[in-house]
Protein chains: 2
Amino acid sequence: MPLNETHDPTLRSWVESANLPDADFPIQNLPFCVFRHGHSARRVGVAIGDSILDVPDYTSLNDLAARGRGACSELRMKLSRALRADNPYPPKALLYPMSECRLDLPLEIGDYSDFYASIFHATNVGSMFRPDNPLLPNYKYVPIGYHGRASSVVVSGTPVRRPCGQLQSGDHPPVFEASRQLDYESELGVFICCENRLGEPIPIEKAEDHMFGVCLVNDWSARDIQRWEYQPLGPFLAKSFATTISPFVVTMDALDPFRVPRFHRGIDPQPLAYLDCEGDRTRGGIALTLEVWLTTGKMRAEKIEPVLVSRAGFDHMYWTLAQMVTHHASNGCNLRPGDLLGSGTVSGPEKSARGCLLELTWRGTEPLRLPSGESRTFLEDGDEVIMRGYAESATARRIGLGECRGTLV
Amino acid sequence: MPLNETHDPTLRSWVESANLPDADFPIQNLPFCVFRHGHSARRVGVAIGDSILDVPDYTSLNDLAARGRGACSELRMKLSRALRADNPYPPKALLYPMSECRLDLPLEIGDYSDFYASIFHATNVGSMFRPDNPLLPNYKYVPIGYHGRASSVVVSGTPVRRPCGQLQSGDHPPVFEASRQLDYESELGVFICCENRLGEPIPIEKAEDHMFGVCLVNDWSARDIQRWEYQPLGPFLAKSFATTISPFVVTMDALDPFRVPRFHRGIDPQPLAYLDCEGDRTRGGIALTLEVWLTTGKMRAEKIEPVLVSRAGFDHMYWTLAQMVTHHASNGCNLRPGDLLGSGTVSGPEKSARGCLLELTWRGTEPLRLPSGESRTFLEDGDEVIMRGYAESATARRIGLGECRGTLV
């Protein structure tokens with residue numbers, strides 16, 4: 001997509017908080033959300049600075065998404081003009097302080113699928129469980145994914161209960177107990193907009209037309225449940241107790257200034273033809289940074305700020321979002337408006353870029369030291385995981401994805 | 001549940017076709033469906049003989065399901081009384097010939113999960129891929145399941161397109177081509193009625209209260225796609241191109257006369273406590289028979305009737321529906337009205353009771369001979385798979401599940 005006036009880095013809004021240099025939601029971003037103010041019904045909104053502008057044309061983001069990329073771009077243009085500092089009639093009556101609003105899940109999610117698109121994550125995890133054979137032979141050909149659970153996707157801020165499950169070790173029979181190895185996974189999610197019909201694949205050249213926008217995803221994982229249950233059909237209850245997402249959908253349009261070439265494969269095999277096109281080679285990547293911050297009950301009590309535990313670049317992902325969408329639909333599977341695709345844990349090559357505790361503590365052998373004097377191998381009750389994401393570039397205004405928060409109870 | 005007047009085997013209906021001895025839908029059954037007659041909107045109906053009675057109280061079976069087992073039982077009682085031969089005011093104006101109706105998916109399916117509950121199926125398939133270790137150590141403890149794709153669940157009669165996917169053999173790199181190993185899987189599905197809240201497990205004693213009723217499921221599977229993609233996260237595109245279900249929900253109430261003790265485990269470990277209760281031991285099984293019939297383009301052209309290829313008893317399943325429901329929710333995962341749980345392929349101990357071609361032809365080594373002179377290892381274009389199910393007992397009226405049909409195109 002070509003850049004247009006909505007991307008102009010000099011644009012300012014009459015919502016002053018949007019003009020602060022570190023704002024996640026400047027006028028160049030305009031992410032969509034669904035909110036309630038007081039006892040009002042749910043409304044569609046767009047985040048601007050520390051506020052939300054009501055978008056009265058729609059009552060559901062699924063309806064907007066179903067109209068496709070073009071409709072979303074048009075609405076974005078209108079909203080950008082309405083929010084500009086030079087708008088002589090700013091719609092101030094439609095502006096609500098975000099602090100007074102309750103944010104809901106942005107879309108009704110029909111199906112949630114989760115990928116495994118970081119080769120660094122796949123190699124790290126593989127080398128713990130299969131030291132001789134860390135990366136399976138299909139990895140460089142197939143954007144590996146699996147079906148996740150849609151019903152238990154919750155919005156940022158929802159407390160997460162530690163799940164029970166079958167835990168097994170040594171030669172003992174399993175016991176049914178609370179998980180002791182609770183982990184987060186830092187991912188990017190992409191929402192689908194217009195639907196492909198069942199039986200009709202999505203060519204890779206068209207994949208971006210089916211993407212509405214992105215959010216942060218915390219794919220909570222109970223590693224001990226996972227280890228015992230996952231063969232031969234994959235993760236099930238280890239994941240389905242909760243998946244937390246951020247409440248804002250940052251549109252693909254807003255990400256346009258941050259598109260970069262996809263991951264360089266070096267001597268690895270090139271993608272099969274159905275997963276390859278010029279546009280994906282040159283602009284399939286996104287220069288997004290994902291951060292994970294952690295705080296504990298003790299840290300909160302002692303007024304110690306959350307600590308940054310990892311920071312990873314999304315441009316290190318082996319598979320692009322377009323490749324995931326096209327692969328998913330390559331068998332004719334229909335992707336519907338509101339369907340969510342998770343990228344899988346976003347880990348980079350550096351140790352500081354490992355997007356889950358399993359990797360970060362190398363299966364618990366290298367505990368994480370916290371400023372409170374505590375240490376962590378896996379999460380403990382009261383721990384809060386805070387994910388943040390943002391895109392920066394020399395020529396564009398920085399935009400953020402907001403936060404994805406969850407406290408374990 | 002105690003039997004009541006709706007189960008009386010001597011009851012007759014004023015809809016004469018319901019009184020034929022081999023009718024799937026006698027007055028003792030009363031399965032729900034969603035139908036259209038002519039250009040009318042979708043309506044909730046109940047099948048009776050060769051007809052459908054409009055149920056004007058509801059516009060969606062999800063709404064009925066959400067009201068729980070009690071509401072479903074009450075409505076069933078009303079419908080039974082309305083349809084009895086001795087009703088002085090039979091509501092004939094609400095009766096539509098089934099042949100004039102189009103049947104839709106009975107419920108809007110939020111999440112679809114699929115289990116692997118036949119130990120005969122798991123052992124057969126396991127012994128083909130891991131001859132030394134056919135049954136993994138978790139099988140006798142964990143009702144193994146995985147998340148399936150809800151968007152591509154279609155109703156009986158919908159043509160199914162052969163999917164493309166990555167096929168790999170030997171040391172060659174994979175190619176992206178049409179699957180050559182297309183298979184069916186004969187399963188039973190159970191629809192969820194009332195929801196458990198996220199974080200609140202369903203005790204096994206209460207599991208039946210969360211079941212609305214059952215249907216037939218054809219879990220189409222592309223074995224060649226599956227073999228290459230399934231490690232380490234399980235089946236994905238090998239299954240998500242289509243899943244066909246029968247249009248009728250046979251309620252748990254209708255199945256009451258056919259409940260039997262669950263599968264006898266012999267010397268195998270007993271289920272962990274959370275998967276065990278007296279009610280499940282004595283009545284967890286269902287004396288249901290599932291049949292698979294096959295016809296080909298050539299057979300249709302030569303007017304050869306479809307041929308029975310397998311017949312299996314659902315009472316041979318290692319895990320009960322209640323155990324699947326309770327296990328699924330044991331980590332706090334919320335199951336919502338309309339969610340569908342598949343049992344996994346229903347195979348019994350006999351060779352004639354193998355519920356998919358992979359088993360029936362032993363991975364293609366023992367082709368199926370058809371009366372047309374053709375043979376099959378996997379499905380060919382134009383083949384139609386027809387699944388049927390029924391429950392019989394010496395003391396109750398036989399009831400059927402109807403048909404689940406799909407033609408490969």
# chains A, B, ... in the order shown; residues from 1 in each chain; ligands from 1

$ residues_around --residues "A:Gln166" --least-positions-apart "4" --cutoff "12 Å" --atoms "only C-alpha atoms" --output "CSV table (one decimal) with all heavy atoms, in the first residue's frame"
chain,number,residue,atom,x,y,z
A,172,HIS,N,6.2,-42.6,37.5
A,172,HIS,CA,5.0,-42.5,38.3
A,172,HIS,C,3.8,-42.3,37.4
A,172,HIS,O,3.9,-41.7,36.3
A,172,HIS,CB,5.1,-41.4,39.3
A,172,HIS,CG,6.3,-41.5,40.2
A,172,HIS,ND1,6.5,-42.4,41.1
A,172,HIS,CD2,7.5,-40.8,40.2
A,172,HIS,CE1,7.7,-42.3,41.7
A,172,HIS,NE2,8.3,-41.3,41.1
A,173,PRO,N,2.7,-42.8,37.9
A,173,PRO,CA,1.4,-42.4,37.1
A,173,PRO,C,1.2,-40.9,37.3
A,173,PRO,O,1.7,-40.3,38.3
A,173,PRO,CB,0.4,-43.3,37.8
A,173,PRO,CG,0.9,-43.8,39.1
A,173,PRO,CD,2.4,-43.7,39.0
A,174,PRO,N,0.4,-40.3,36.4
A,174,PRO,CA,0.2,-38.9,36.5
A,174,PRO,C,-0.7,-38.5,37.8
A,174,PRO,O,-1.4,-39.4,38.3
A,174,PRO,CB,-0.6,-38.6,35.2
A,174,PRO,CG,-1.2,-39.8,34.8
A,174,PRO,CD,-0.3,-40.9,35.3
A,175,VAL,N,-0.6,-37.3,38.2
A,175,VAL,CA,-1.5,-36.8,39.3
A,175,VAL,C,-2.2,-35.6,38.7
A,175,VAL,O,-1.7,-34.9,37.8
A,175,VAL,CB,-0.7,-36.4,40.5
A,175,VAL,CG1,-0.1,-37.6,41.2
A,175,VAL,CG2,0.4,-35.4,40.2
A,176,PHE,N,-3.4,-35.3,39.2
A,176,PHE,CA,-4.2,-34.2,38.8
A,176,PHE,C,-4.0,-33.1,39.8
A,176,PHE,O,-4.5,-33.1,40.9
A,176,PHE,CB,-5.6,-34.6,38.6
A,176,PHE,CG,-6.5,-33.5,38.1
A,176,PHE,CD1,-6.5,-33.1,36.7
A,176,PHE,CD2,-7.3,-32.7,38.9
A,176,PHE,CE1,-7.3,-32.1,36.2
A,176,PHE,CE2,-8.1,-31.7,38.4
A,176,PHE,CZ,-8.1,-31.4,37.1
A,177,GLU,N,-3.2,-32.1,39.4
A,177,GLU,CA,-2.9,-31.0,40.4
A,177,GLU,C,-2.7,-29.7,39.6
A,177,GLU,O,-2.7,-29.6,38.4
A,177,GLU,CB,-1.5,-31.3,41.1
A,177,GLU,CG,-1.7,-32.4,42.1
A,177,GLU,CD,-0.3,-32.7,42.8
A,177,GLU,OE1,0.7,-32.0,42.5
A,177,GLU,OE2,-0.3,-33.7,43.6
A,178,ALA,N,-2.5,-28.6,40.4
A,178,ALA,CA,-2.3,-27.3,39.8
A,178,ALA,C,-1.0,-27.3,39.1
A,178,ALA,O,0.0,-27.9,39.6
A,178,ALA,CB,-2.3,-26.2,40.9
A,179,SER,N,-0.9,-26.7,37.9
A,179,SER,CA,0.3,-26.6,37.2
A,179,SER,C,1.4,-25.9,38.0
A,179,SER,O,1.1,-24.9,38.7
A,179,SER,CB,0.1,-25.9,35.9
A,179,SER,OG,1.3,-25.5,35.3
A,180,ARG,N,2.6,-26.4,37.9
A,180,ARG,CA,3.7,-25.7,38.6
A,180,ARG,C,4.7,-25.1,37.6
A,180,ARG,O,5.7,-24.5,38.0
A,180,ARG,CB,4.6,-26.8,39.3
A,180,ARG,CG,3.8,-27.4,40.5
A,180,ARG,CD,4.6,-28.6,41.0
A,180,ARG,NE,3.6,-29.6,41.4
A,180,ARG,CZ,3.8,-30.9,41.5
A,180,ARG,NH1,5.0,-31.4,41.1
A,180,ARG,NH2,2.9,-31.7,41.9
A,222,ALA,N,1.0,-23.9,30.1
A,222,ALA,CA,1.3,-24.7,31.3
A,222,ALA,C,2.3,-25.8,30.8
A,222,ALA,O,1.9,-26.8,30.2
A,222,ALA,CB,0.1,-25.3,32.0
A,223,ARG,N,3.6,-25.6,31.0
A,223,ARG,CA,4.6,-26.5,30.4
A,223,ARG,C,4.5,-27.9,30.9
A,223,ARG,O,4.8,-28.9,30.1
A,223,ARG,CB,6.0,-26.0,30.6
A,223,ARG,CG,6.2,-24.6,30.1
A,223,ARG,CD,6.1,-24.5,28.6
A,223,ARG,NE,6.3,-23.1,28.2
A,223,ARG,CZ,6.1,-22.7,26.9
A,223,ARG,NH1,5.5,-23.5,26.1
A,223,ARG,NH2,6.3,-21.5,26.6
A,224,ASP,N,4.1,-28.1,32.2
A,224,ASP,CA,4.1,-29.5,32.7
A,224,ASP,C,2.9,-30.2,32.1
A,224,ASP,O,3.0,-31.4,31.8
A,224,ASP,CB,4.1,-29.5,34.2
A,224,ASP,CG,3.3,-28.4,34.9
A,224,ASP,OD1,2.6,-27.7,34.2
A,224,ASP,OD2,3.4,-28.2,36.1
A,225,ILE,N,1.7,-29.5,32.0
A,225,ILE,CA,0.6,-30.2,31.3
A,225,ILE,C,0.9,-30.5,29.9
A,225,ILE,O,0.6,-31.6,29.4
A,225,ILE,CB,-0.7,-29.2,31.4
A,225,ILE,CG1,-1.0,-29.0,32.9
A,225,ILE,CG2,-1.8,-29.8,30.7
A,225,ILE,CD1,-2.2,-28.0,33.1
A,226,GLN,N,1.5,-29.5,29.2
A,226,GLN,CA,1.9,-29.7,27.8
A,226,GLN,C,2.8,-30.9,27.5
A,226,GLN,O,2.5,-31.7,26.6
A,226,GLN,CB,2.6,-28.4,27.3
A,226,GLN,CG,2.8,-28.3,25.8
A,226,GLN,CD,3.4,-27.0,25.4
A,226,GLN,OE1,3.5,-26.1,26.2
A,226,GLN,NE2,3.8,-26.9,24.1
A,227,ARG,N,3.8,-31.1,28.4
A,227,ARG,CA,4.7,-32.1,28.1
A,227,ARG,C,4.1,-33.5,28.1
A,227,ARG,O,4.4,-34.4,27.3
A,227,ARG,CB,5.8,-32.1,29.2
A,227,ARG,CG,7.1,-32.9,28.8
A,227,ARG,CD,8.2,-32.6,29.8
A,227,ARG,NE,7.8,-32.6,31.2
A,227,ARG,CZ,7.8,-31.5,32.0
A,227,ARG,NH1,8.3,-30.3,31.5
A,227,ARG,NH2,7.4,-31.6,33.2
A,228,TRP,N,3.1,-33.7,29.0
A,228,TRP,CA,2.5,-35.0,29.2
A,228,TRP,C,1.3,-35.2,28.1
A,228,TRP,O,1.1,-36.4,27.7
A,228,TRP,CB,1.9,-35.1,30.6
A,228,TRP,CG,1.1,-36.3,30.9
A,228,TRP,CD1,-0.2,-36.3,31.5
A,228,TRP,CD2,1.5,-37.7,30.9
A,228,TRP,NE1,-0.6,-37.6,31.7
A,228,TRP,CE2,0.4,-38.5,31.3
A,228,TRP,CE3,2.6,-38.4,30.4
A,228,TRP,CZ2,0.4,-39.9,31.4
A,228,TRP,CZ3,2.6,-39.8,30.5
A,228,TRP,CH2,1.5,-40.5,31.0
A,229,GLU,N,0.7,-34.2,27.7
A,229,GLU,CA,-0.5,-34.4,26.9
A,229,GLU,C,-0.3,-34.3,25.4
A,229,GLU,O,-1.1,-34.7,24.6
A,229,GLU,CB,-1.6,-33.3,27.3
A,229,GLU,CG,-1.3,-31.9,26.7
A,229,GLU,CD,-2.4,-30.9,26.8
A,229,GLU,OE1,-3.5,-31.3,27.2
A,229,GLU,OE2,-2.2,-29.8,26.3
A,230,TYR,N,0.9,-33.7,25.0
A,230,TYR,CA,0.9,-33.1,23.6
A,230,TYR,C,1.2,-34.2,22.5
A,230,TYR,O,1.0,-33.8,21.4
A,230,TYR,CB,1.9,-32.0,23.5
A,230,TYR,CG,3.3,-32.4,23.1
A,230,TYR,CD1,3.8,-32.1,21.9
A,230,TYR,CD2,4.2,-32.9,24.0
A,230,TYR,CE1,5.1,-32.5,21.5
A,230,TYR,CE2,5.5,-33.3,23.7
A,230,TYR,CZ,5.9,-33.0,22.4
A,230,TYR,OH,7.2,-33.4,22.0
A,236,PHE,N,-3.2,-28.9,24.0
A,236,PHE,CA,-4.6,-28.8,24.2
A,236,PHE,C,-4.9,-28.0,25.4
A,236,PHE,O,-5.0,-26.8,25.4
A,236,PHE,CB,-5.2,-30.2,24.1
A,236,PHE,CG,-6.7,-30.3,24.1
A,236,PHE,CD1,-7.4,-29.6,23.3
A,236,PHE,CD2,-7.3,-31.2,25.0
A,236,PHE,CE1,-8.8,-29.7,23.3
A,236,PHE,CE2,-8.7,-31.4,25.0
A,236,PHE,CZ,-9.4,-30.6,24.1
A,237,LEU,N,-5.0,-28.7,26.6
A,237,LEU,CA,-5.3,-28.1,27.8
A,237,LEU,C,-4.2,-27.2,28.4
A,237,LEU,O,-4.4,-26.4,29.2
A,237,LEU,CB,-5.8,-29.1,28.9
A,237,LEU,CG,-7.0,-30.0,28.4
A,237,LEU,CD1,-7.5,-30.8,29.6
A,237,LEU,CD2,-8.1,-29.1,27.9
A,238,ALA,N,-3.0,-27.4,27.9
A,238,ALA,CA,-1.8,-26.6,28.3
A,238,ALA,C,-2.0,-25.2,27.9
A,238,ALA,O,-1.3,-24.3,28.4
A,238,ALA,CB,-0.6,-27.2,27.7
B,138,ASN,N,0.7,-41.9,27.5
B,138,ASN,CA,-0.4,-41.0,28.1
B,138,ASN,C,-1.8,-41.5,27.8
B,138,ASN,O,-2.8,-41.1,28.4
B,138,ASN,CB,-0.2,-39.6,27.7
B,138,ASN,CG,-0.2,-39.4,26.2
B,138,ASN,OD1,-0.5,-40.3,25.4
B,138,ASN,ND2,0.2,-38.2,25.7
B,141,TYR,N,-4.4,-42.6,30.4
B,141,TYR,CA,-4.7,-41.6,31.5
B,141,TYR,C,-5.4,-40.3,31.0
B,141,TYR,O,-6.2,-39.8,31.7
B,141,TYR,CB,-3.4,-41.2,32.1
B,141,TYR,CG,-2.7,-42.3,32.9
B,141,TYR,CD1,-1.6,-43.0,32.3
B,141,TYR,CD2,-3.1,-42.6,34.2
B,141,TYR,CE1,-1.0,-44.0,33.0
B,141,TYR,CE2,-2.5,-43.7,34.9
B,141,TYR,CZ,-1.5,-44.4,34.3
B,141,TYR,OH,-0.9,-45.4,35.0
B,142,VAL,N,-5.0,-39.9,29.8
B,142,VAL,CA,-5.5,-38.6,29.2
B,142,VAL,C,-6.5,-38.9,28.1
B,142,VAL,O,-6.2,-39.6,27.1
B,142,VAL,CB,-4.3,-37.8,28.6
B,142,VAL,CG1,-4.8,-36.5,28.1
B,142,VAL,CG2,-3.2,-37.6,29.6
B,143,PRO,N,-7.7,-38.4,28.2
B,143,PRO,CA,-8.6,-38.4,27.0
B,143,PRO,C,-8.0,-37.4,26.0
B,143,PRO,O,-8.2,-36.2,26.0
B,143,PRO,CB,-9.9,-37.9,27.5
B,143,PRO,CG,-9.9,-38.0,29.0
B,143,PRO,CD,-8.4,-37.8,29.3
B,144,ILE,N,-7.1,-38.0,25.1
B,144,ILE,CA,-6.4,-37.1,24.2
B,144,ILE,C,-7.3,-36.4,23.2
B,144,ILE,O,-8.2,-37.0,22.7
B,144,ILE,CB,-5.4,-38.0,23.4
B,144,ILE,CG1,-4.3,-38.6,24.3
B,144,ILE,CG2,-4.7,-37.2,22.2
B,144,ILE,CD1,-3.3,-37.7,24.8
B,271,PRO,N,-9.5,-44.7,35.7
B,271,PRO,CA,-9.4,-43.3,35.4
B,271,PRO,C,-9.0,-42.5,36.7
B,271,PRO,O,-9.4,-42.9,37.8
B,271,PRO,CB,-10.8,-42.8,35.0
B,271,PRO,CG,-11.5,-44.1,34.6
B,271,PRO,CD,-10.8,-45.2,35.4
B,272,LEU,N,-8.3,-41.4,36.6
B,272,LEU,CA,-8.0,-40.6,37.7
B,272,LEU,C,-9.3,-40.1,38.3
B,272,LEU,O,-10.3,-40.0,37.6
B,272,LEU,CB,-7.1,-39.4,37.3
B,272,LEU,CG,-5.7,-39.7,36.8
B,272,LEU,CD1,-4.9,-38.4,36.6
B,272,LEU,CD2,-4.9,-40.6,37.7
B,273,ALA,N,-9.3,-39.7,39.6
B,273,ALA,CA,-10.5,-39.4,40.3
B,273,ALA,C,-11.4,-38.4,39.6
B,273,ALA,O,-12.6,-38.5,39.6
B,273,ALA,CB,-10.2,-38.9,41.7
B,274,TYR,N,-10.8,-37.4,39.0
B,274,TYR,CA,-11.6,-36.3,38.4
B,274,TYR,C,-12.3,-36.8,37.2
B,274,TYR,O,-13.2,-36.1,36.7
B,274,TYR,CB,-10.7,-35.1,38.1
B,274,TYR,CG,-9.9,-35.1,36.8
B,274,TYR,CD1,-10.3,-34.5,35.6
B,274,TYR,CD2,-8.7,-35.8,36.8
B,274,TYR,CE1,-9.5,-34.5,34.5
B,274,TYR,CE2,-7.9,-35.9,35.6
B,274,TYR,CZ,-8.3,-35.2,34.5
B,274,TYR,OH,-7.6,-35.3,33.3
B,275,LEU,N,-12.0,-38.0,36.7
B,275,LEU,CA,-12.6,-38.5,35.5
B,275,LEU,C,-13.5,-39.8,35.8
B,275,LEU,O,-13.8,-40.6,35.0
B,275,LEU,CB,-11.6,-38.9,34.4
B,275,LEU,CG,-10.8,-37.8,33.8
B,275,LEU,CD1,-9.7,-38.3,32.9
B,275,LEU,CD2,-11.7,-36.8,33.1
B,327,HIS,N,-12.8,-33.5,31.2
B,327,HIS,CA,-11.3,-33.3,30.9
B,327,HIS,C,-11.1,-32.0,30.2
B,327,HIS,O,-10.2,-31.2,30.6
B,327,HIS,CB,-10.8,-34.4,30.1
B,327,HIS,CG,-9.3,-34.3,29.8
B,327,HIS,ND1,-8.4,-34.4,30.8
B,327,HIS,CD2,-8.6,-34.1,28.6
B,327,HIS,CE1,-7.2,-34.2,30.2
B,327,HIS,NE2,-7.3,-34.0,28.9
B,328,HIS,N,-12.0,-31.7,29.2
B,328,HIS,CA,-11.8,-30.5,28.4
B,328,HIS,C,-11.9,-29.2,29.3
B,328,HIS,O,-11.2,-28.2,29.1
B,328,HIS,CB,-12.9,-30.4,27.4
B,328,HIS,CG,-12.6,-29.6,26.2
B,328,HIS,ND1,-12.0,-28.4,26.3
B,328,HIS,CD2,-12.9,-29.7,24.9
B,328,HIS,CE1,-11.9,-27.8,25.0
B,328,HIS,NE2,-12.4,-28.6,24.2
B,330,SER,N,-11.3,-29.2,32.6
B,330,SER,CA,-10.6,-29.5,33.8
B,330,SER,C,-9.5,-28.4,34.1
B,330,SER,O,-9.1,-28.2,35.2
B,330,SER,CB,-10.0,-30.9,33.8
B,330,SER,OG,-8.9,-30.9,32.9
B,331,ASN,N,-9.1,-27.7,33.1
B,331,ASN,CA,-8.2,-26.6,33.2
B,331,ASN,C,-8.9,-25.3,33.3
B,331,ASN,O,-8.2,-24.2,33.3
B,331,ASN,CB,-7.2,-26.6,32.1
B,331,ASN,CG,-7.8,-26.2,30.7
B,331,ASN,OD1,-9.1,-26.3,30.7
B,331,ASN,ND2,-7.1,-25.9,29.7

$ closest_atom_pairs --of "chain B" --to "chain A" --cutoff "6 Å" --atoms "only C-alpha atoms" --output "JSON lines"
{"residue": "B:Tyr146", "atom": "CA", "partner": "A:Phe236", "partner_atom": "CA", "distance": 5.3}
{"residue": "B:His147", "atom": "CA", "partner": "A:His147", "partner_atom": "CA", "distance": 5.2}
{"residue": "B:Gly148", "atom": "CA", "partner": "A:His147", "partner_atom": "CA", "distance": 5.8}
{"residue": "B:Pro163", "atom": "CA", "partner": "A:Asn331", "partner_atom": "CA", "distance": 4.6}
{"residue": "B:Cys164", "atom": "CA", "partner": "A:Asn331", "partner_atom": "CA", "distance": 5.1}
{"residue": "B:Leu233", "atom": "CA", "partner": "A:Gly234", "partner_atom": "CA", "distance": 4.2}
{"residue": "B:Gly234", "atom": "CA", "partner": "A:Leu233", "partner_atom": "CA", "distance": 4.2}
{"residue": "B:Phe236", "atom": "CA", "partner": "A:Tyr146", "partner_atom": "CA", "distance": 5.3}
{"residue": "B:Ser240", "atom": "CA", "partner": "A:Cys333", "partner_atom": "CA", "distance": 5.8}
{"residue": "B:Phe241", "atom": "CA", "partner": "A:Cys333", "partner_atom": "CA", "distance": 4.7}
{"residue": "B:Asn331", "atom": "CA", "partner": "A:Pro163", "partner_atom": "CA", "distance": 4.6}
{"residue": "B:Gly332", "atom": "CA", "partner": "A:Phe241", "partner_atom": "CA", "distance": 5.5}
{"residue": "B:Cys333", "atom": "CA", "partner": "A:Phe241", "partner_atom": "CA", "distance": 4.6}

$ select_by_dssp --residues "stretch 204-388 of chain A" --states "strand (DSSP E)" --output "PyMOL selection string"
chain A and resi 211-218+221-222+243-245+250-251+259-260+285-286+288-295+307-313+340-342+368-369+375-376+384-388

$ closest_residue --among "B:Arg262, B:Arg12, B:Arg363, B:Arg398" --to "B:Val125" --atoms "only C-alpha atoms"
B:Arg363

$ atom_distance --atom1 "atom CA of A:Ser156" --atom2 "atom CA of A:Cys404"
4.8 Å

$ select_by_dssp --residues "stretch 218-397 of chain B" --states "helix (DSSP H, G or I)" --output "JSON, numbers by chain"
{"B": [223, 224, 225, 226, 227, 228, 229, 252, 253, 254, 255, 256, 257, 258, 273, 274, 275, 278, 279, 280, 281, 282, 283, 297, 298, 299, 300, 301, 314, 315, 316, 321, 322, 323, 324, 325, 326, 327, 328, 329, 351, 352, 353, 357, 358, 359, 360]}

$ residues_around --residues "B:Ser17" --least-positions-apart "3" --cutoff "8 Å" --atoms "only C-alpha atoms" --output "list of chain:residue names"
B:Leu20, B:Ala23, B:Ile48, B:Gly49, B:Asp50

$ write_last_selection --atoms "C-alpha atoms" --output "PDB file, in the first residue's frame"
ATOM      1  CA  LEU B  20     -42.689 -47.490  10.672  1.00  0.00           C
ATOM      2  CA  ALA B  23     -37.893 -45.085  11.089  1.00  0.00           C
ATOM      3  CA  ILE B  48     -40.698 -36.773  13.062  1.00  0.00           C
ATOM      4  CA  GLY B  49     -40.867 -39.595  10.540  1.00  0.00           C
ATOM      5  CA  ASP B  50     -40.346 -38.128   7.080  1.00  0.00           C
TER       6      ASP B  50
END

$ closest_residue --among "B:Arg281, B:Lys206, B:Lys351, B:Arg84" --to "B:Thr326" --atoms "only C-alpha atoms"
B:Lys206

$ residues_around --residues "B:Ser186" --least-positions-apart "6" --cutoff "10 Å" --atoms "only C-alpha atoms" --output "PyMOL selection string"
chain B and resi 216-220+290-292+310-312+342-347+354-357+385-388+404

$ closest_residue --among "A:Glu208, A:Leu408, A:Pro203, A:Glu403" --to "A:Thr296" --atoms "only C-alpha atoms"
A:Leu408

$ atom_distance --atom1 "atom CA of A:Leu83" --atom2 "atom CA of A:Phe32"
14.1 Å

$ atom_distance --atom1 "atom CA of A:Pro349" --atom2 "atom CA of A:Pro261"
17.6 Å

$ residues_around --residues "B:Ala47" --least-positions-apart "6" --cutoff "7 Å" --atoms "only C-alpha atoms" --output "list in words"
Phe25, Leu30, Pro31, Phe32 and Leu53 of chain B

$ closest_residue --among "B:Gln28, B:Gly382, B:Asp171, B:Glu195" --to "B:Leu11" --atoms "only C-alpha atoms"
B:Gln28

$ closest_residue --among "A:Leu107, A:Met77, A:Ala82, A:Leu379" --to "A:Gly406" --atoms "only C-alpha atoms"
A:Leu379

$ decode --residues "stretch 328-335 of chain A" --atoms "N, CA and C atoms" --output "mmCIF file, in the first residue's frame"
data_model
loop_
_atom_site.group_PDB
_atom_site.id
_atom_site.type_symbol
_atom_site.label_atom_id
_atom_site.label_comp_id
_atom_site.auth_asym_id
_atom_site.auth_seq_id
_atom_site.Cartn_x
_atom_site.Cartn_y
_atom_site.Cartn_z
ATOM 1 N N HIS A 328 -2.615 -21.091 5.732
ATOM 2 C CA HIS A 328 -3.817 -21.506 6.472
ATOM 3 C C HIS A 328 -4.972 -21.804 5.502
ATOM 4 N N ALA A 329 -5.074 -20.957 4.469
ATOM 5 C CA ALA A 329 -6.186 -21.103 3.516
ATOM 6 C C ALA A 329 -5.814 -21.978 2.321
ATOM 7 N N SER A 330 -4.591 -22.502 2.299
ATOM 8 C CA SER A 330 -4.117 -23.210 1.101
ATOM 9 C C SER A 330 -4.857 -24.520 0.862
ATOM 10 N N ASN A 331 -5.490 -25.063 1.874
ATOM 11 C CA ASN A 331 -6.291 -26.283 1.714
ATOM 12 C C ASN A 331 -7.758 -25.949 1.498
ATOM 13 N N GLY A 332 -8.056 -24.657 1.340
ATOM 14 C CA GLY A 332 -9.449 -24.237 1.155
ATOM 15 C C GLY A 332 -10.131 -23.840 2.441
ATOM 16 N N CYS A 333 -9.429 -23.907 3.557
ATOM 17 C CA CYS A 333 -10.031 -23.527 4.849
ATOM 18 C C CYS A 333 -10.466 -22.065 4.786
ATOM 19 N N ASN A 334 -11.701 -21.802 5.190
ATOM 20 C CA ASN A 334 -12.208 -20.425 5.174
ATOM 21 C C ASN A 334 -11.809 -19.674 6.432
ATOM 22 N N LEU A 335 -11.243 -18.487 6.233
ATOM 23 C CA LEU A 335 -10.901 -17.590 7.337
ATOM 24 C C LEU A 335 -11.959 -16.486 7.357
#
